[in-house]
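So this one's protein.cif, mmCIF, C-alpha atoms:
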data_work
#
loop_
_atom_site.label_atom_id
_atom_site.label_comp_id
_atom_site.auth_asym_id
_atom_site.auth_seq_id
_atom_site.Cartn_x
_atom_site.Cartn_y
_atom_site.Cartn_z
CA MET A 1 -25.40 25.43 16.84
CA THR A 2 -22.45 24.74 14.54
CA LEU A 3 -23.26 24.82 10.84
CA SER A 4 -21.17 23.12 8.17
CA VAL A 5 -20.03 25.32 5.31
CA ARG A 6 -21.57 24.76 1.88
CA LYS A 7 -22.12 27.04 -1.05
CA VAL A 8 -25.49 28.41 -2.01
CA ALA A 9 -26.22 26.94 -5.41
CA ALA A 10 -28.37 29.72 -6.79
CA VAL A 11 -26.54 32.75 -5.44
CA ALA A 12 -25.35 33.78 -8.90
CA VAL A 13 -28.85 35.08 -9.67
CA LEU A 14 -28.84 37.48 -6.72
CA GLY A 15 -28.30 40.69 -8.62
CA ALA A 16 -30.69 40.05 -11.47
CA ALA A 17 -33.39 38.70 -9.18
CA LEU A 18 -33.47 41.84 -7.10
CA THR A 19 -33.10 44.10 -10.15
CA GLY A 20 -29.78 45.30 -8.92
CA CYS A 21 -29.94 45.43 -5.14
CA GLY A 22 -27.10 43.81 -3.28
CA GLY A 23 -24.86 42.87 -6.17
CA GLY A 24 -23.76 39.43 -7.25
CA PRO A 25 -22.21 36.54 -5.30
CA SER A 26 -18.93 38.32 -4.64
CA GLY A 27 -19.95 41.95 -4.66
CA PRO A 28 -21.23 44.53 -7.12
CA GLN A 29 -22.08 43.74 -10.72
CA GLN A 30 -19.13 43.31 -13.00
CA GLY A 31 -18.15 46.75 -14.18
CA ALA A 32 -19.37 48.43 -11.01
CA GLY A 33 -16.88 50.41 -8.98
CA GLN A 34 -14.76 48.46 -6.57
CA ALA A 35 -15.22 49.56 -2.98
CA ARG A 36 -12.28 51.50 -1.61
CA LEU A 37 -11.49 51.69 2.05
CA GLY A 38 -11.13 55.13 3.52
CA SER A 39 -9.90 56.42 6.84
CA PRO A 40 -12.35 57.46 9.54
CA ALA A 41 -12.36 61.17 10.11
CA ALA A 42 -13.05 62.67 13.48
CA SER A 43 -16.66 62.06 14.44
CA GLY A 44 -18.94 64.50 12.72
CA PRO A 45 -22.50 65.62 13.24
CA ALA A 46 -25.26 63.27 12.18
CA THR A 47 -26.09 65.48 9.28
CA ALA A 48 -24.71 64.33 5.97
CA SER A 49 -21.34 65.95 6.63
CA THR A 50 -17.97 64.56 5.68
CA GLN A 51 -14.70 66.21 6.48
CA ALA A 52 -11.82 67.28 4.31
CA SER A 53 -9.64 66.88 7.40
CA PRO A 54 -10.39 66.11 11.06
CA SER A 55 -10.04 69.78 11.87
CA ALA A 56 -12.10 71.14 8.98
CA PRO A 57 -15.64 69.75 8.96
CA ALA A 58 -17.67 70.52 5.88
CA SER A 59 -21.08 72.11 6.20
CA ALA A 60 -24.08 69.81 5.93
CA PRO A 61 -26.80 70.17 3.31
CA ALA A 62 -30.26 70.94 4.62
CA SER A 63 -31.62 67.77 2.99
CA ALA A 64 -29.76 65.59 5.46
CA SER A 65 -30.34 67.65 8.58
CA PRO A 66 -31.36 65.43 11.49
CA LEU A 67 -34.58 65.69 13.43
CA PRO A 68 -34.57 66.34 17.18
CA GLY A 69 -33.47 63.17 18.94
CA ALA A 70 -31.10 62.05 16.20
CA PRO A 71 -27.65 60.79 17.26
CA ALA A 72 -25.44 63.81 17.86
CA ARG A 73 -22.25 62.53 16.24
CA VAL A 74 -21.36 59.63 13.95
CA PRO A 75 -18.08 58.79 12.22
CA VAL A 76 -17.66 59.59 8.55
CA LEU A 77 -14.81 59.11 6.10
CA THR A 78 -12.75 61.88 4.57
CA PRO A 79 -13.45 62.48 0.87
CA GLY A 80 -11.32 60.66 -1.64
CA ALA A 81 -9.12 62.13 -4.35
CA ASN A 82 -10.57 65.23 -6.02
CA GLY A 83 -13.26 65.38 -3.35
CA LEU A 84 -15.03 62.21 -4.50
CA THR A 85 -17.51 60.57 -2.14
CA PRO A 86 -15.56 58.23 0.18
CA VAL A 87 -16.41 54.51 0.15
CA PHE A 88 -16.41 52.16 3.14
CA GLU A 89 -16.45 48.39 2.65
CA ARG A 90 -15.04 46.74 5.74
CA ALA A 91 -13.24 47.79 8.92
CA ARG A 92 -9.64 46.73 9.30
CA GLN A 93 -9.58 44.77 12.56
CA ARG A 94 -6.98 42.42 13.95
CA SER A 95 -8.23 41.50 17.38
CA GLU A 96 -11.74 42.86 18.04
CA LYS A 97 -14.41 40.69 16.41
CA THR A 98 -17.25 42.98 15.42
CA VAL A 99 -19.59 42.60 12.45
CA ALA A 100 -22.31 44.81 10.98
CA LEU A 101 -25.47 43.22 9.63
CA THR A 102 -27.09 45.55 7.12
CA PHE A 103 -30.52 45.22 5.55
CA ASP A 104 -31.64 46.86 2.32
CA ALA A 105 -35.30 47.91 2.48
CA ASP A 106 -35.95 48.04 -1.24
CA MET A 107 -38.84 49.48 -3.16
CA THR A 108 -38.51 51.11 -6.54
CA SER A 109 -40.44 54.21 -7.46
CA ASP A 110 -42.77 52.32 -9.81
CA GLN A 111 -43.77 49.45 -7.50
CA GLY A 112 -46.70 51.21 -5.85
CA PRO A 113 -49.31 49.25 -7.85
CA ARG A 114 -47.69 45.97 -6.79
CA ALA A 115 -47.83 47.03 -3.15
CA ALA A 116 -51.45 48.10 -3.60
CA SER A 117 -52.26 44.64 -4.95
CA GLY A 118 -50.87 42.98 -1.83
CA GLU A 119 -47.18 42.38 -2.50
CA ARG A 120 -45.18 43.00 0.67
CA PHE A 121 -41.91 44.85 0.38
CA ASP A 122 -41.55 45.05 4.17
CA ASN A 123 -40.57 42.38 6.70
CA PRO A 124 -41.82 43.23 10.21
CA ASP A 125 -41.03 39.72 11.48
CA LEU A 126 -37.35 40.30 10.66
CA ILE A 127 -37.31 43.60 12.55
CA ASP A 128 -39.04 41.95 15.52
CA THR A 129 -36.45 39.16 15.55
CA LEU A 130 -33.55 41.63 15.46
CA ARG A 131 -35.13 43.42 18.42
CA ARG A 132 -35.71 40.18 20.33
CA LEU A 133 -32.14 39.04 19.73
CA LYS A 134 -30.81 42.53 20.55
CA VAL A 135 -28.87 42.87 17.31
CA PRO A 136 -27.90 46.47 16.49
CA SER A 137 -28.40 46.90 12.75
CA THR A 138 -28.26 49.40 9.92
CA VAL A 139 -31.20 49.54 7.52
CA PHE A 140 -30.46 51.02 4.10
CA MET A 141 -33.88 52.29 3.15
CA THR A 142 -35.24 53.70 -0.08
CA GLY A 143 -37.39 56.78 0.21
CA ARG A 144 -40.19 55.03 -1.65
CA TRP A 145 -40.17 52.27 1.01
CA ALA A 146 -40.38 54.89 3.75
CA GLU A 147 -43.41 56.40 2.05
CA GLU A 148 -45.16 53.06 1.61
CA TYR A 149 -44.44 51.86 5.14
CA SER A 150 -44.21 55.16 7.01
CA ASP A 151 -45.28 53.68 10.36
CA GLN A 152 -42.55 51.06 10.15
CA ALA A 153 -39.98 53.62 8.99
CA LYS A 154 -40.80 55.71 12.05
CA SER A 155 -40.67 52.67 14.35
CA ILE A 156 -37.28 51.61 13.01
CA GLY A 157 -36.02 55.17 12.90
CA THR A 158 -36.87 55.90 16.53
CA ASP A 159 -35.51 52.63 17.94
CA PRO A 160 -31.94 53.03 19.27
CA ASN A 161 -31.25 49.46 18.16
CA PHE A 162 -31.31 50.65 14.54
CA GLU A 163 -30.00 53.39 12.31
CA ILE A 164 -31.44 54.30 8.93
CA ALA A 165 -29.12 55.00 6.01
CA ASN A 166 -29.97 56.20 2.52
CA HIS A 167 -30.49 53.72 -0.32
CA SER A 168 -31.79 56.37 -2.76
CA TYR A 169 -35.40 57.32 -3.24
CA SER A 170 -36.20 55.49 -6.46
CA HIS A 171 -33.73 52.58 -6.43
CA HIS A 172 -32.51 53.69 -9.83
CA ALA A 173 -28.90 53.13 -10.82
CA PHE A 174 -26.12 55.68 -10.37
CA LYS A 175 -24.05 53.91 -13.04
CA SER A 176 -25.13 52.15 -16.21
CA PRO A 177 -25.42 49.31 -16.94
CA CYS A 178 -26.64 48.04 -13.58
CA TYR A 179 -28.95 45.03 -13.75
CA GLY A 180 -31.30 46.81 -16.12
CA LEU A 181 -32.14 49.60 -13.66
CA PRO A 182 -33.01 53.03 -15.09
CA ALA A 183 -30.01 55.31 -14.64
CA LEU A 184 -29.66 58.65 -12.89
CA ASP A 185 -26.76 61.05 -13.22
CA GLY A 186 -25.62 64.48 -12.12
CA GLU A 187 -28.29 66.64 -10.53
CA ALA A 188 -30.92 63.90 -10.84
CA ALA A 189 -28.78 61.58 -8.71
CA ARG A 190 -28.23 64.18 -6.01
CA ALA A 191 -31.92 65.12 -6.00
CA ASP A 192 -32.85 61.45 -5.60
CA VAL A 193 -30.69 61.16 -2.48
CA GLU A 194 -32.12 64.35 -1.00
CA ARG A 195 -35.65 63.14 -1.71
CA ALA A 196 -34.96 59.97 0.27
CA PHE A 197 -33.72 61.94 3.29
CA ALA A 198 -36.86 64.07 3.04
CA ALA A 199 -39.03 60.93 3.06
CA PHE A 200 -37.31 59.72 6.24
CA ARG A 201 -37.96 63.04 7.94
CA LYS A 202 -41.59 63.06 6.84
CA ALA A 203 -42.05 59.56 8.28
CA GLY A 204 -40.62 60.73 11.61
CA ALA A 205 -37.40 58.68 11.51
CA VAL A 206 -34.76 60.38 13.65
CA ASN A 207 -32.00 57.76 13.87
CA THR A 208 -30.70 58.60 10.39
CA VAL A 209 -27.03 58.59 9.46
CA PRO A 210 -25.14 60.22 6.55
CA TYR A 211 -24.42 56.94 4.80
CA PHE A 212 -25.51 55.87 1.32
CA ARG A 213 -25.64 52.53 -0.50
CA PHE A 214 -25.69 52.52 -4.28
CA PRO A 215 -28.56 50.49 -5.75
CA GLY A 216 -26.98 47.33 -7.07
CA GLY A 217 -23.67 48.43 -5.61
CA CYS A 218 -22.98 49.95 -9.03
CA TYR A 219 -20.78 53.04 -9.09
CA ASP A 220 -17.79 54.64 -10.74
CA ASP A 221 -15.89 57.89 -10.30
CA GLN A 222 -18.61 59.79 -12.14
CA ALA A 223 -21.20 58.47 -9.67
CA LEU A 224 -18.96 59.36 -6.73
CA LYS A 225 -18.59 62.87 -8.14
CA ALA A 226 -22.35 63.24 -8.60
CA LEU A 227 -22.96 62.07 -5.04
CA ALA A 228 -20.28 64.29 -3.47
CA PRO A 229 -22.55 67.35 -2.88
CA ALA A 230 -24.82 65.17 -0.70
CA LYS A 231 -21.95 64.91 1.84
CA VAL A 232 -22.45 61.21 2.57
CA THR A 233 -20.14 58.21 2.99
CA ALA A 234 -20.95 55.38 0.57
CA VAL A 235 -21.17 51.98 2.26
CA GLN A 236 -20.57 48.77 0.36
CA TRP A 237 -20.02 45.29 1.86
CA ASP A 238 -17.63 42.34 1.85
CA VAL A 239 -20.13 39.54 2.57
CA VAL A 240 -23.13 38.80 0.33
CA SER A 241 -25.74 36.71 2.13
CA GLY A 242 -27.45 35.26 -0.94
CA ASP A 243 -30.86 35.81 0.64
CA ALA A 244 -32.52 37.14 -2.52
CA PHE A 245 -35.33 34.75 -3.42
CA ALA A 246 -33.60 32.03 -1.42
CA LYS A 247 -35.79 29.21 -0.15
CA ASP A 248 -33.31 27.56 2.22
CA PRO A 249 -32.47 29.63 5.33
CA ASP A 250 -29.71 27.18 6.27
CA ALA A 251 -27.95 27.84 2.97
CA VAL A 252 -28.14 31.60 3.52
CA ALA A 253 -26.85 31.23 7.07
CA GLU A 254 -23.97 29.03 5.99
CA GLN A 255 -22.91 31.46 3.27
CA VAL A 256 -22.82 34.34 5.77
CA LEU A 257 -20.97 32.30 8.38
CA ALA A 258 -18.41 31.21 5.79
CA GLY A 259 -17.70 34.80 4.77
CA VAL A 260 -17.71 36.82 7.97
CA LYS A 261 -14.39 38.14 9.24
CA PRO A 262 -13.63 40.71 11.95
CA GLY A 263 -14.89 44.05 10.65
CA SER A 264 -17.19 42.58 8.00
CA VAL A 265 -20.25 44.30 6.55
CA VAL A 266 -22.95 41.79 5.56
CA VAL A 267 -25.59 42.75 3.00
CA MET A 268 -29.06 41.25 3.50
CA HIS A 269 -32.59 42.40 2.71
CA CYS A 270 -35.66 43.59 4.58
CA THR A 271 -38.08 42.82 1.74
CA ARG A 272 -40.43 39.94 2.38
CA SER A 273 -41.47 39.24 -1.22
CA ALA A 274 -37.90 39.22 -2.52
CA ALA A 275 -36.08 37.68 0.46
CA PRO A 276 -38.57 35.43 2.24
CA VAL A 277 -36.20 33.38 4.45
CA THR A 278 -33.99 36.15 5.83
CA GLU A 279 -35.65 36.19 9.24
CA GLN A 280 -35.18 32.42 9.60
CA ALA A 281 -31.54 32.70 8.54
CA ILE A 282 -30.93 35.41 11.15
CA GLN A 283 -32.08 33.04 13.87
CA LYS A 284 -29.21 30.76 12.88
CA ILE A 285 -26.58 33.38 12.07
CA VAL A 286 -26.80 35.42 15.27
CA PRO A 287 -26.26 32.72 17.90
CA GLU A 288 -23.51 31.05 15.88
CA LEU A 289 -21.53 34.25 15.39
CA ARG A 290 -21.93 35.09 19.07
CA LYS A 291 -20.65 31.62 19.88
CA ARG A 292 -17.60 32.44 17.75
CA GLY A 293 -17.00 35.57 19.78
CA PHE A 294 -18.43 38.17 17.42
CA ARG A 295 -20.25 41.27 18.60
CA PHE A 296 -22.90 42.90 16.43
CA VAL A 297 -22.64 46.64 15.78
CA LYS A 298 -24.18 49.24 13.51
CA VAL A 299 -22.18 50.53 10.57
CA SER A 300 -21.56 53.79 12.45
CA GLU A 301 -19.76 51.93 15.24
CA LEU A 302 -17.84 49.72 12.82
CA MET A 303 -16.71 52.73 10.80
CA GLY A 304 -15.34 54.34 13.92
CA LYS A 305 -13.02 51.42 14.67
#
Have the structure of the file written as structure tokens, please.
Amino acid sequence: MTLSVRKVAAVAVLGAALTGCGGGPSGPQQGAGQARLGSPAASGPATASTQASPSAPASAPASASPLPGAPARVPVLTPGANGLTPVFERARQRSEKTVALTFDADMTSDQGPRAASGERFDNPDLIDTLRRLKVPSTVFMTGRWAEEYSDQAKSIGTDPNFEIANHSYSHHAFKSPCYGLPALDGEAARADVERAFAAFRKAGAVNTVPYFRFPGGCYDDQALKALAPAKVTAVQWDVVSGDAFAKDPDAVAEQVLAGVKPGSVVVMHCTRSAAPVTEQAIQKIVPELRKRGFRFVKVSELMGK
């Protein structure tokens, strides 16, 4: 199916609508850090280890230690200047056409009562469709989501089709202002990341990777410094899907198809109440990109290119 390209009219409300997850129509909120491409280091263990050089792997913190069955080695980026957390946005590719679809499984630390009242922050139909279409994907999960939907976190985190990356525990901001999110800094930020990894382990997810996505995409050098002890690679994106509160799956699909380039990272959402048409959009996006010669990969494979 060939889709014509047209802009999504309401995409400008993306960031505010999701209280900071996924950024605005062209990336993070204005004032957020701009994603900086790094260079892949030699593959490291699937703990949260980065490497100062390919021959000198750093030790991994216990908080990100993998469970038995986790992938043995995944690529990471070398730290930036002054040891700052490295940031990956898009792979530089000239000939191979690969693309990573990523899905933020959002739930803030204070949304338990809303879940208890019946609001659904999960999207099992989306996960089922990705499995049926055989689309390798990376799910950036908050620790609070993993607690609320522990069975699903385990199912996703033990399926080789997926890898789980860290989207913080609380979905609080690492830089302020950031769409009105409460802000964390210093030790509180690091503890929040470690708490999320602990929630994944408790749920039984083993396919976890040492990658992190800032809530709202908001960061600066201070945030990168605060995150550095967690030994993760921050992952941004270059294509915003516009799926937040969208009602037209065709419009979401067309925006993704218009933006994807070889090596792209697409940000979407695995949150039914906030992104209700994502699963329908995927049914249009996947066959069209395959028709165009693209191959779907997880972020870990894309980062290793």
| remark: Here CA of His167 (chain A) and CA of Tyr149 (chain A) stand apart by 15.1 Å
| request: Compile the contact shell of region 267-276 of chain A as number ranges by chain: residues with an atom at most 6 Å away, counting all atoms listed in the file, same-chain residues fewer than 4 positions apart removed. | output: A: 102-105, 120-123, 240-241, 243-245
| note | Counting only C-alpha atoms, the residue among A:Ile156, A:Leu101, A:Ala189, A:Ala246 that lies closest to Val135 (chain A) is A:Leu101
| request: Write out as a ChimeraX atom specification which residues come within 8 Å of region 219-224 of chain A when counting all atoms listed in the file, dropping same-chain ones fewer than 2 positions away. | output: /A:32-34,84-86,174-175,185-186,214,217,226-228
| Expected selection from the PyMOL selection byres ((chain A and resi 248) around 10), given as a count of residues only | 15
| Point-to-point distance in Å for CA of Val239 (chain A) and CA of Ala258 (chain A) |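 Computing the Euclidean distance for CA of Ala258 (chain A) and CA of Val239 (chain A) yields 9.1 Å.
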